[in-house]
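> One structure, as structure tokens, below. Some questions next.
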Amino acid sequence: MALFPDPFDTLLTLQQALESFRSSGWLGSGPSGGGAYPPMNVFRKGDDFIIVTELPGLKKSDLDVQVKGNSVRVAGSKTVSFPDKSAVHRRERLAGRFDRAVTLPVQIDPNGVKAEYRDGILALFLPRAEQDKPRSIQVA
Amino acid sequence: MSNAQELAVREKQELVGKGEKTVPGRYYVPYADIFETDDALTLVMEIAGVEKQNLDVSLENDVLRVDGRIDFAKYDGMEPLYTEYNVGHYTRSFTLSNKIDQEHISAQLDDGVLTLTLPKAKEAQSRRISIG
């Protein structure tokens, strides 16, 4: 319909889509399905899955990502420091450690998992295992 | 440093009231730390997902304004299955009470954290008054 997609429209569509999938039961059966830090968004792209999480202020070296079977564990610690002899006016950023494991309801290929951390966003690319992919059945 | 503390989930704070936008969509208020040393005021803000070229910092009439835009194109072709947070642009402004040396403001963006160093103007730096 529209030749040029409106950038604000894309934003609104994405935000509405994210909102409508809030607290769906998809990860519900995991050991720490919901409510643990860091909050995660799970997307599907083609056959593969992508977990995106916001971890601003974390150093790459303080981040530990593990994959075993179909569970993914993200752990690390974040520090917030102030220089000596400074007067603190506002302190809103939180520091501490975190450890979260989620179990995906699909089989993933642990060898193909890729992790990317940029601008405070961690993205985990989880390819679906070959044997778990759906097959079309020919109707005779 | 109390590093043993467990990090808790905090809902992202949405922008409300003053400064409402004409375009639809959510804007978020970034969490900020502000501290002052003898010669500068430093603001540290968490703006995960904002790239350097999409960040706008301005200082006008003692109002410091930070605008960070998210690149939504990255989400193209991704279908949400389960979500725990929403994404949106960031905006926040502060009225500065200190006199700032506007020429020497420096900004640094690392791992989604923006650090703004605002050096105090010479006349605003505190001086020790000797009692004669």
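Each chain in the structure tokens gets a letter, A, B, ..., in the order shown, and its residues are numbered from 1; ligands are numbered from 1 in order too.
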Write out as a PyMOL selection string which residues come within 10 Å of Glu51 in chain B when counting only C-alpha atoms, dropping same-chain ones fewer than 6 positions away.

(chain A and resi 118-120) or (chain B and resi 68-71+109-112)

> What does the file look like for those residues with C-alpha atoms, as a compact mmCIF listing (two decimals), in the first residue's frame?


```txt
# COMPACT_ATOMS: atom_id res chain seq x y z
CA ARG A 118 27.08 -4.00 21.36
CA ASP A 119 25.91 -0.67 22.79
CA GLY A 120 24.74 -2.38 25.95
CA GLY B 68 18.86 8.91 21.99
CA ARG B 69 17.14 7.14 19.17
CA ILE B 70 16.93 3.40 18.70
CA ASP B 71 17.50 1.92 15.28
CA LEU B 109 29.45 6.44 24.94
CA ASP B 110 30.54 2.99 26.07
CA ASP B 111 28.50 -0.21 26.22
CA GLY B 112 25.20 1.68 26.23
```

> Mind listing as a ChimeraX atom specification which residues of chain B are within 7 Å of chain A, counting only C-alpha atoms?

/B:3-9,24-25,31-37,46-51,72,77-87,110-113

> Save out the residues we just selected, N, CA and C atoms, as a CSV table (one decimal), in the first residue's frame.


```csv
chain,number,residue,atom,x,y,z
B,3,ASN,N,29.3,-5.7,46.0
B,3,ASN,CA,29.2,-6.3,44.7
B,3,ASN,C,28.3,-7.6,44.8
B,4,ALA,N,28.1,-8.0,46.1
B,4,ALA,CA,27.5,-9.3,46.3
B,4,ALA,C,25.9,-9.2,46.1
B,5,GLN,N,25.5,-8.0,45.9
B,5,GLN,CA,24.0,-7.8,45.8
B,5,GLN,C,23.5,-8.3,44.5
B,6,GLU,N,22.3,-8.9,44.6
B,6,GLU,CA,21.6,-9.5,43.4
B,6,GLU,C,20.9,-8.4,42.7
B,7,LEU,N,21.1,-8.4,41.4
B,7,LEU,CA,20.4,-7.4,40.5
B,7,LEU,C,18.9,-7.7,40.4
B,8,ALA,N,18.1,-6.7,40.6
B,8,ALA,CA,16.7,-6.9,40.5
B,8,ALA,C,16.1,-6.3,39.2
B,9,VAL,N,15.0,-6.8,38.8
B,9,VAL,CA,14.4,-6.3,37.5
B,9,VAL,C,13.7,-5.0,37.9
B,24,PRO,N,3.3,9.1,17.8
B,24,PRO,CA,2.9,8.1,18.7
B,24,PRO,C,4.2,7.2,19.0
B,25,GLY,N,4.1,6.4,20.0
B,25,GLY,CA,5.2,5.6,20.4
B,25,GLY,C,5.7,5.9,21.8
B,31,TYR,N,17.9,5.8,33.2
B,31,TYR,CA,18.4,6.0,34.6
B,31,TYR,C,19.7,6.7,34.6
B,32,ALA,N,19.9,7.6,35.5
B,32,ALA,CA,21.0,8.5,35.5
B,32,ALA,C,21.7,8.5,36.9
B,33,ASP,N,23.0,8.7,36.9
B,33,ASP,CA,23.8,9.0,38.1
B,33,ASP,C,24.4,10.4,37.8
B,34,ILE,N,24.4,11.2,38.8
B,34,ILE,CA,25.0,12.5,38.7
B,34,ILE,C,25.9,12.8,39.9
B,35,PHE,N,27.1,13.1,39.6
B,35,PHE,CA,28.0,13.5,40.7
B,35,PHE,C,28.9,14.7,40.4
B,36,GLU,N,29.3,15.3,41.4
B,36,GLU,CA,30.0,16.6,41.2
B,36,GLU,C,31.4,16.4,41.9
B,37,THR,N,32.4,16.9,41.2
B,37,THR,CA,33.7,16.9,41.8
B,37,THR,C,34.1,18.4,41.9
B,46,GLU,N,22.1,5.5,31.3
B,46,GLU,CA,22.0,4.2,30.6
B,46,GLU,C,21.1,4.3,29.4
B,47,ILE,N,21.6,4.2,28.2
B,47,ILE,CA,20.8,4.2,27.0
B,47,ILE,C,21.1,3.0,26.1
B,48,ALA,N,20.8,1.9,26.6
B,48,ALA,CA,21.1,0.6,25.8
B,48,ALA,C,20.5,0.7,24.4
B,49,GLY,N,21.4,0.3,23.4
B,49,GLY,CA,20.9,0.2,22.1
B,49,GLY,C,21.0,1.5,21.2
B,50,VAL,N,21.5,2.6,21.8
B,50,VAL,CA,21.6,3.8,21.1
B,50,VAL,C,23.0,3.9,20.5
B,51,GLU,N,23.1,4.1,19.2
B,51,GLU,CA,24.4,4.2,18.6
B,51,GLU,C,24.8,5.7,18.6
B,72,PHE,N,15.4,0.9,14.8
B,72,PHE,CA,14.4,-0.2,14.7
B,72,PHE,C,14.6,-1.1,13.6
B,77,GLY,N,12.1,-8.3,10.2
B,77,GLY,CA,12.0,-9.7,10.0
B,77,GLY,C,12.0,-10.6,11.2
B,78,MET,N,12.0,-9.9,12.4
B,78,MET,CA,12.0,-10.7,13.7
B,78,MET,C,10.6,-10.7,14.2
B,79,GLU,N,10.2,-11.9,14.6
B,79,GLU,CA,8.8,-12.0,15.0
B,79,GLU,C,8.9,-12.3,16.5
B,80,PRO,N,8.3,-11.5,17.4
B,80,PRO,CA,8.3,-11.7,18.8
B,80,PRO,C,7.6,-12.9,19.2
B,81,LEU,N,8.2,-13.7,20.1
B,81,LEU,CA,7.5,-14.9,20.7
B,81,LEU,C,7.2,-14.7,22.1
B,82,TYR,N,8.1,-14.0,22.8
B,82,TYR,CA,8.0,-13.8,24.3
B,82,TYR,C,8.8,-12.6,24.6
B,83,THR,N,8.1,-11.7,25.3
B,83,THR,CA,8.9,-10.4,25.6
B,83,THR,C,8.7,-10.0,27.1
B,84,GLU,N,9.7,-9.4,27.6
B,84,GLU,CA,9.6,-8.9,29.0
B,84,GLU,C,9.9,-7.5,29.1
B,85,TYR,N,10.3,-6.8,28.0
B,85,TYR,CA,10.5,-5.4,28.1
B,85,TYR,C,10.2,-4.8,26.7
B,86,ASN,N,9.9,-3.5,26.7
B,86,ASN,CA,9.6,-2.9,25.4
B,86,ASN,C,10.8,-2.0,25.0
B,87,VAL,N,10.8,-1.6,23.8
B,87,VAL,CA,11.9,-0.8,23.3
B,87,VAL,C,11.4,0.6,22.9
B,110,ASP,N,29.9,4.3,26.0
B,110,ASP,CA,30.5,3.0,26.1
B,110,ASP,C,29.5,2.0,26.5
B,111,ASP,N,29.4,0.9,25.8
B,111,ASP,CA,28.5,-0.2,26.2
B,111,ASP,C,27.1,0.3,26.7
B,112,GLY,N,26.5,1.2,25.9
B,112,GLY,CA,25.2,1.7,26.2
B,112,GLY,C,25.1,2.7,27.4
B,113,VAL,N,26.3,3.1,27.8
B,113,VAL,CA,26.3,4.1,28.9
B,113,VAL,C,26.9,5.4,28.4
```

> Applying 12 Å and only C-alpha atoms, which residues near Gly112 in chain A remain after dropping the ones on its own chain fewer than 6 positions away? List them as a list in words.

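The filter keeps Asp48, Phe49, Val67, Leu124, Phe125, Leu126, Pro127, Arg128, Ala129 and Glu130 of chain A.
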
> Run DSSP on the backbone and grab whatever in chain B lands in helix (DSSP H, G or I); send it over as a PDB file with N, CA and C atoms, in the first residue's frame.


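In the end it all went to selection.pdb:
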```pdb
ATOM      1  N   PHE B  72      15.353   0.933  14.770  1.00  0.00           N
ATOM      2  CA  PHE B  72      14.375  -0.153  14.734  1.00  0.00           C
ATOM      3  C   PHE B  72      14.567  -1.095  13.559  1.00  0.00           C
ATOM      4  N   ALA B  73      15.368  -0.669  12.592  1.00  0.00           N
ATOM      5  CA  ALA B  73      15.578  -1.497  11.401  1.00  0.00           C
ATOM      6  C   ALA B  73      16.184  -2.845  11.774  1.00  0.00           C
ATOM      7  N   LYS B  74      16.875  -2.884  12.929  1.00  0.00           N
ATOM      8  CA  LYS B  74      17.495  -4.135  13.360  1.00  0.00           C
ATOM      9  C   LYS B  74      16.465  -5.220  13.668  1.00  0.00           C
ATOM     10  N   TYR B  75      15.248  -4.782  13.962  1.00  0.00           N
ATOM     11  CA  TYR B  75      14.216  -5.751  14.322  1.00  0.00           C
ATOM     12  C   TYR B  75      13.434  -6.248  13.113  1.00  0.00           C
ATOM     13  N   GLN B 102      30.704  25.828  28.741  1.00  0.00           N
ATOM     14  CA  GLN B 102      30.051  25.148  27.623  1.00  0.00           C
ATOM     15  C   GLN B 102      30.999  24.686  26.528  1.00  0.00           C
ATOM     16  N   GLU B 103      32.144  25.351  26.456  1.00  0.00           N
ATOM     17  CA  GLU B 103      33.094  25.015  25.384  1.00  0.00           C
ATOM     18  C   GLU B 103      33.750  23.650  25.597  1.00  0.00           C
ATOM     19  N   HIS B 104      33.806  23.215  26.848  1.00  0.00           N
ATOM     20  CA  HIS B 104      34.616  22.028  27.136  1.00  0.00           C
ATOM     21  C   HIS B 104      33.823  20.824  27.626  1.00  0.00           C
ATOM     22  N   LYS B 122      34.966  28.803  35.527  1.00  0.00           N
ATOM     23  CA  LYS B 122      35.952  29.238  36.514  1.00  0.00           C
ATOM     24  C   LYS B 122      35.317  29.943  37.713  1.00  0.00           C
ATOM     25  N   GLU B 123      34.371  30.839  37.427  1.00  0.00           N
ATOM     26  CA  GLU B 123      33.794  31.636  38.532  1.00  0.00           C
ATOM     27  C   GLU B 123      32.884  30.798  39.424  1.00  0.00           C
ATOM     28  N   ALA B 124      32.485  29.599  38.933  1.00  0.00           N
ATOM     29  CA  ALA B 124      31.571  28.772  39.719  1.00  0.00           C
ATOM     30  C   ALA B 124      32.302  27.775  40.613  1.00  0.00           C
TER      31      ALA B 124
END
```

> So which residues touch Ile100 in chain B within 8 Å, counting only C-alpha atoms, skipping near sequence neighbours fewer than 2 positions away, as a PyMOL selection string?

chain B and resi 98+102+118-121+124

> Restricting the output to C-alpha atoms, write the selected residues as a short mmCIF file (atom, residue, chain, number, x, y, z; two decimals), in the first residue's frame.


```cif
data_model
loop_
_atom_site.label_atom_id
_atom_site.label_comp_id
_atom_site.auth_asym_id
_atom_site.auth_seq_id
_atom_site.Cartn_x
_atom_site.Cartn_y
_atom_site.Cartn_z
CA ASN B 98 25.90 25.18 38.17
CA GLN B 102 30.05 25.15 27.62
CA LEU B 118 30.51 19.24 32.24
CA PRO B 119 33.43 21.31 33.50
CA LYS B 120 32.38 24.09 35.85
CA ALA B 121 33.00 27.63 34.74
CA ALA B 124 31.57 28.77 39.72
#
```

> Using DSSP secondary structure from the backbone, list all strand (DSSP E or B) positions within range 11-127 of chain B, as a VMD selection string.

chain B and resid 14 27 to 28 32 to 36 40 to 46 50 to 60 63 to 70 79 to 83 89 to 95 100 106 to 110 113 to 120

> Could you write out that same residue set with C-alpha atoms as a PDB file, in the first residue's frame?


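selection.pdb, freshly written:
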```pdb
ATOM      1  CA  GLU B  14       8.108   5.649  30.469  1.00  0.00           C
ATOM      2  CA  TYR B  27       9.746   7.112  24.989  1.00  0.00           C
ATOM      3  CA  TYR B  28      11.733   6.051  27.995  1.00  0.00           C
ATOM      4  CA  ALA B  32      21.030   8.464  35.536  1.00  0.00           C
ATOM      5  CA  ASP B  33      23.788   8.989  38.081  1.00  0.00           C
ATOM      6  CA  ILE B  34      24.992  12.511  38.674  1.00  0.00           C
ATOM      7  CA  PHE B  35      28.010  13.462  40.703  1.00  0.00           C
ATOM      8  CA  GLU B  36      30.046  16.559  41.240  1.00  0.00           C
ATOM      9  CA  ALA B  40      33.195  19.204  36.984  1.00  0.00           C
ATOM     10  CA  LEU B  41      29.678  17.847  37.043  1.00  0.00           C
ATOM     11  CA  THR B  42      29.336  14.364  35.559  1.00  0.00           C
ATOM     12  CA  LEU B  43      26.175  12.711  34.294  1.00  0.00           C
ATOM     13  CA  VAL B  44      26.070   8.998  33.589  1.00  0.00           C
ATOM     14  CA  MET B  45      23.048   7.665  31.726  1.00  0.00           C
ATOM     15  CA  GLU B  46      22.001   4.198  30.601  1.00  0.00           C
ATOM     16  CA  VAL B  50      21.595   3.819  21.079  1.00  0.00           C
ATOM     17  CA  GLU B  51      24.435   4.249  18.605  1.00  0.00           C
ATOM     18  CA  LYS B  52      26.743   7.226  18.602  1.00  0.00           C
ATOM     19  CA  GLN B  53      25.291   8.767  15.454  1.00  0.00           C
ATOM     20  CA  ASN B  54      21.744   8.597  16.838  1.00  0.00           C
ATOM     21  CA  LEU B  55      22.553  10.494  19.993  1.00  0.00           C
ATOM     22  CA  ASP B  56      21.876  14.171  20.445  1.00  0.00           C
ATOM     23  CA  VAL B  57      23.061  16.194  23.432  1.00  0.00           C
ATOM     24  CA  SER B  58      22.294  19.887  23.702  1.00  0.00           C
ATOM     25  CA  LEU B  59      22.650  22.598  26.323  1.00  0.00           C
ATOM     26  CA  GLU B  60      20.468  25.651  26.001  1.00  0.00           C
ATOM     27  CA  VAL B  63      18.788  22.971  30.215  1.00  0.00           C
ATOM     28  CA  LEU B  64      20.774  19.926  29.274  1.00  0.00           C
ATOM     29  CA  ARG B  65      18.910  17.611  26.981  1.00  0.00           C
ATOM     30  CA  VAL B  66      19.793  14.120  25.891  1.00  0.00           C
ATOM     31  CA  ASP B  67      17.969  12.429  23.037  1.00  0.00           C
ATOM     32  CA  GLY B  68      18.861   8.907  21.988  1.00  0.00           C
ATOM     33  CA  ARG B  69      17.140   7.143  19.173  1.00  0.00           C
ATOM     34  CA  ILE B  70      16.934   3.402  18.702  1.00  0.00           C
ATOM     35  CA  GLU B  79       8.798 -12.048  15.044  1.00  0.00           C
ATOM     36  CA  PRO B  80       8.350 -11.682  18.818  1.00  0.00           C
ATOM     37  CA  LEU B  81       7.543 -14.900  20.669  1.00  0.00           C
ATOM     38  CA  TYR B  82       7.999 -13.846  24.251  1.00  0.00           C
ATOM     39  CA  THR B  83       8.853 -10.418  25.606  1.00  0.00           C
ATOM     40  CA  HIS B  89      13.775   6.066  22.195  1.00  0.00           C
ATOM     41  CA  TYR B  90      15.283   7.704  25.247  1.00  0.00           C
ATOM     42  CA  THR B  91      14.926  11.299  26.298  1.00  0.00           C
ATOM     43  CA  ARG B  92      15.739  13.190  29.458  1.00  0.00           C
ATOM     44  CA  SER B  93      16.573  16.760  30.355  1.00  0.00           C
ATOM     45  CA  PHE B  94      18.041  18.432  33.408  1.00  0.00           C
ATOM     46  CA  THR B  95      18.118  22.040  34.477  1.00  0.00           C
ATOM     47  CA  ILE B 100      29.103  25.279  33.076  1.00  0.00           C
ATOM     48  CA  SER B 106      32.832  16.086  26.716  1.00  0.00           C
ATOM     49  CA  ALA B 107      30.710  13.034  25.970  1.00  0.00           C
ATOM     50  CA  GLN B 108      31.639   9.375  25.911  1.00  0.00           C
ATOM     51  CA  LEU B 109      29.450   6.440  24.936  1.00  0.00           C
ATOM     52  CA  ASP B 110      30.542   2.988  26.074  1.00  0.00           C
ATOM     53  CA  VAL B 113      26.280   4.105  28.932  1.00  0.00           C
ATOM     54  CA  LEU B 114      26.666   7.793  28.174  1.00  0.00           C
ATOM     55  CA  THR B 115      29.056   9.793  30.332  1.00  0.00           C
ATOM     56  CA  LEU B 116      28.837  13.564  30.072  1.00  0.00           C
ATOM     57  CA  THR B 117      31.499  15.633  31.759  1.00  0.00           C
ATOM     58  CA  LEU B 118      30.515  19.239  32.244  1.00  0.00           C
ATOM     59  CA  PRO B 119      33.429  21.310  33.504  1.00  0.00           C
ATOM     60  CA  LYS B 120      32.384  24.090  35.855  1.00  0.00           C
TER      61      LYS B 120
END
```

> Using only C-alpha atoms, pick whichever of A:Ser71, A:Gln138, A:Gln66, A:Gln131 has the shortest atom-to-atom distance to Thr103 in chain A.

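Smallest separation from Thr103 in chain A among the options: A:Ser71.
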
> One decimal, Å: what's the distance from CA of Ala75 in chain A over to CA of Gln13 in chain B, could you say?

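Computing it gives 24.0 Å between the two atoms.
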
> Which distance in Å separates CA of Ala101 in chain A and CA of Asp76 in chain B, to one decimal?

26.6 Å

> What gap, in Å, lies between CA of Lys99 in chain B and CA of Ile131 in chain B?

25.6 Å

> From the set B:Gly88, B:Val29, B:Asp39, B:Leu96, which residue has the shortest atom-to-atom contact distance to Asn61 in chain B, counting only C-alpha atoms?

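Ranking B:Gly88, B:Val29, B:Asp39, B:Leu96 by distance to Asn61 in chain B, first place goes to B:Leu96.
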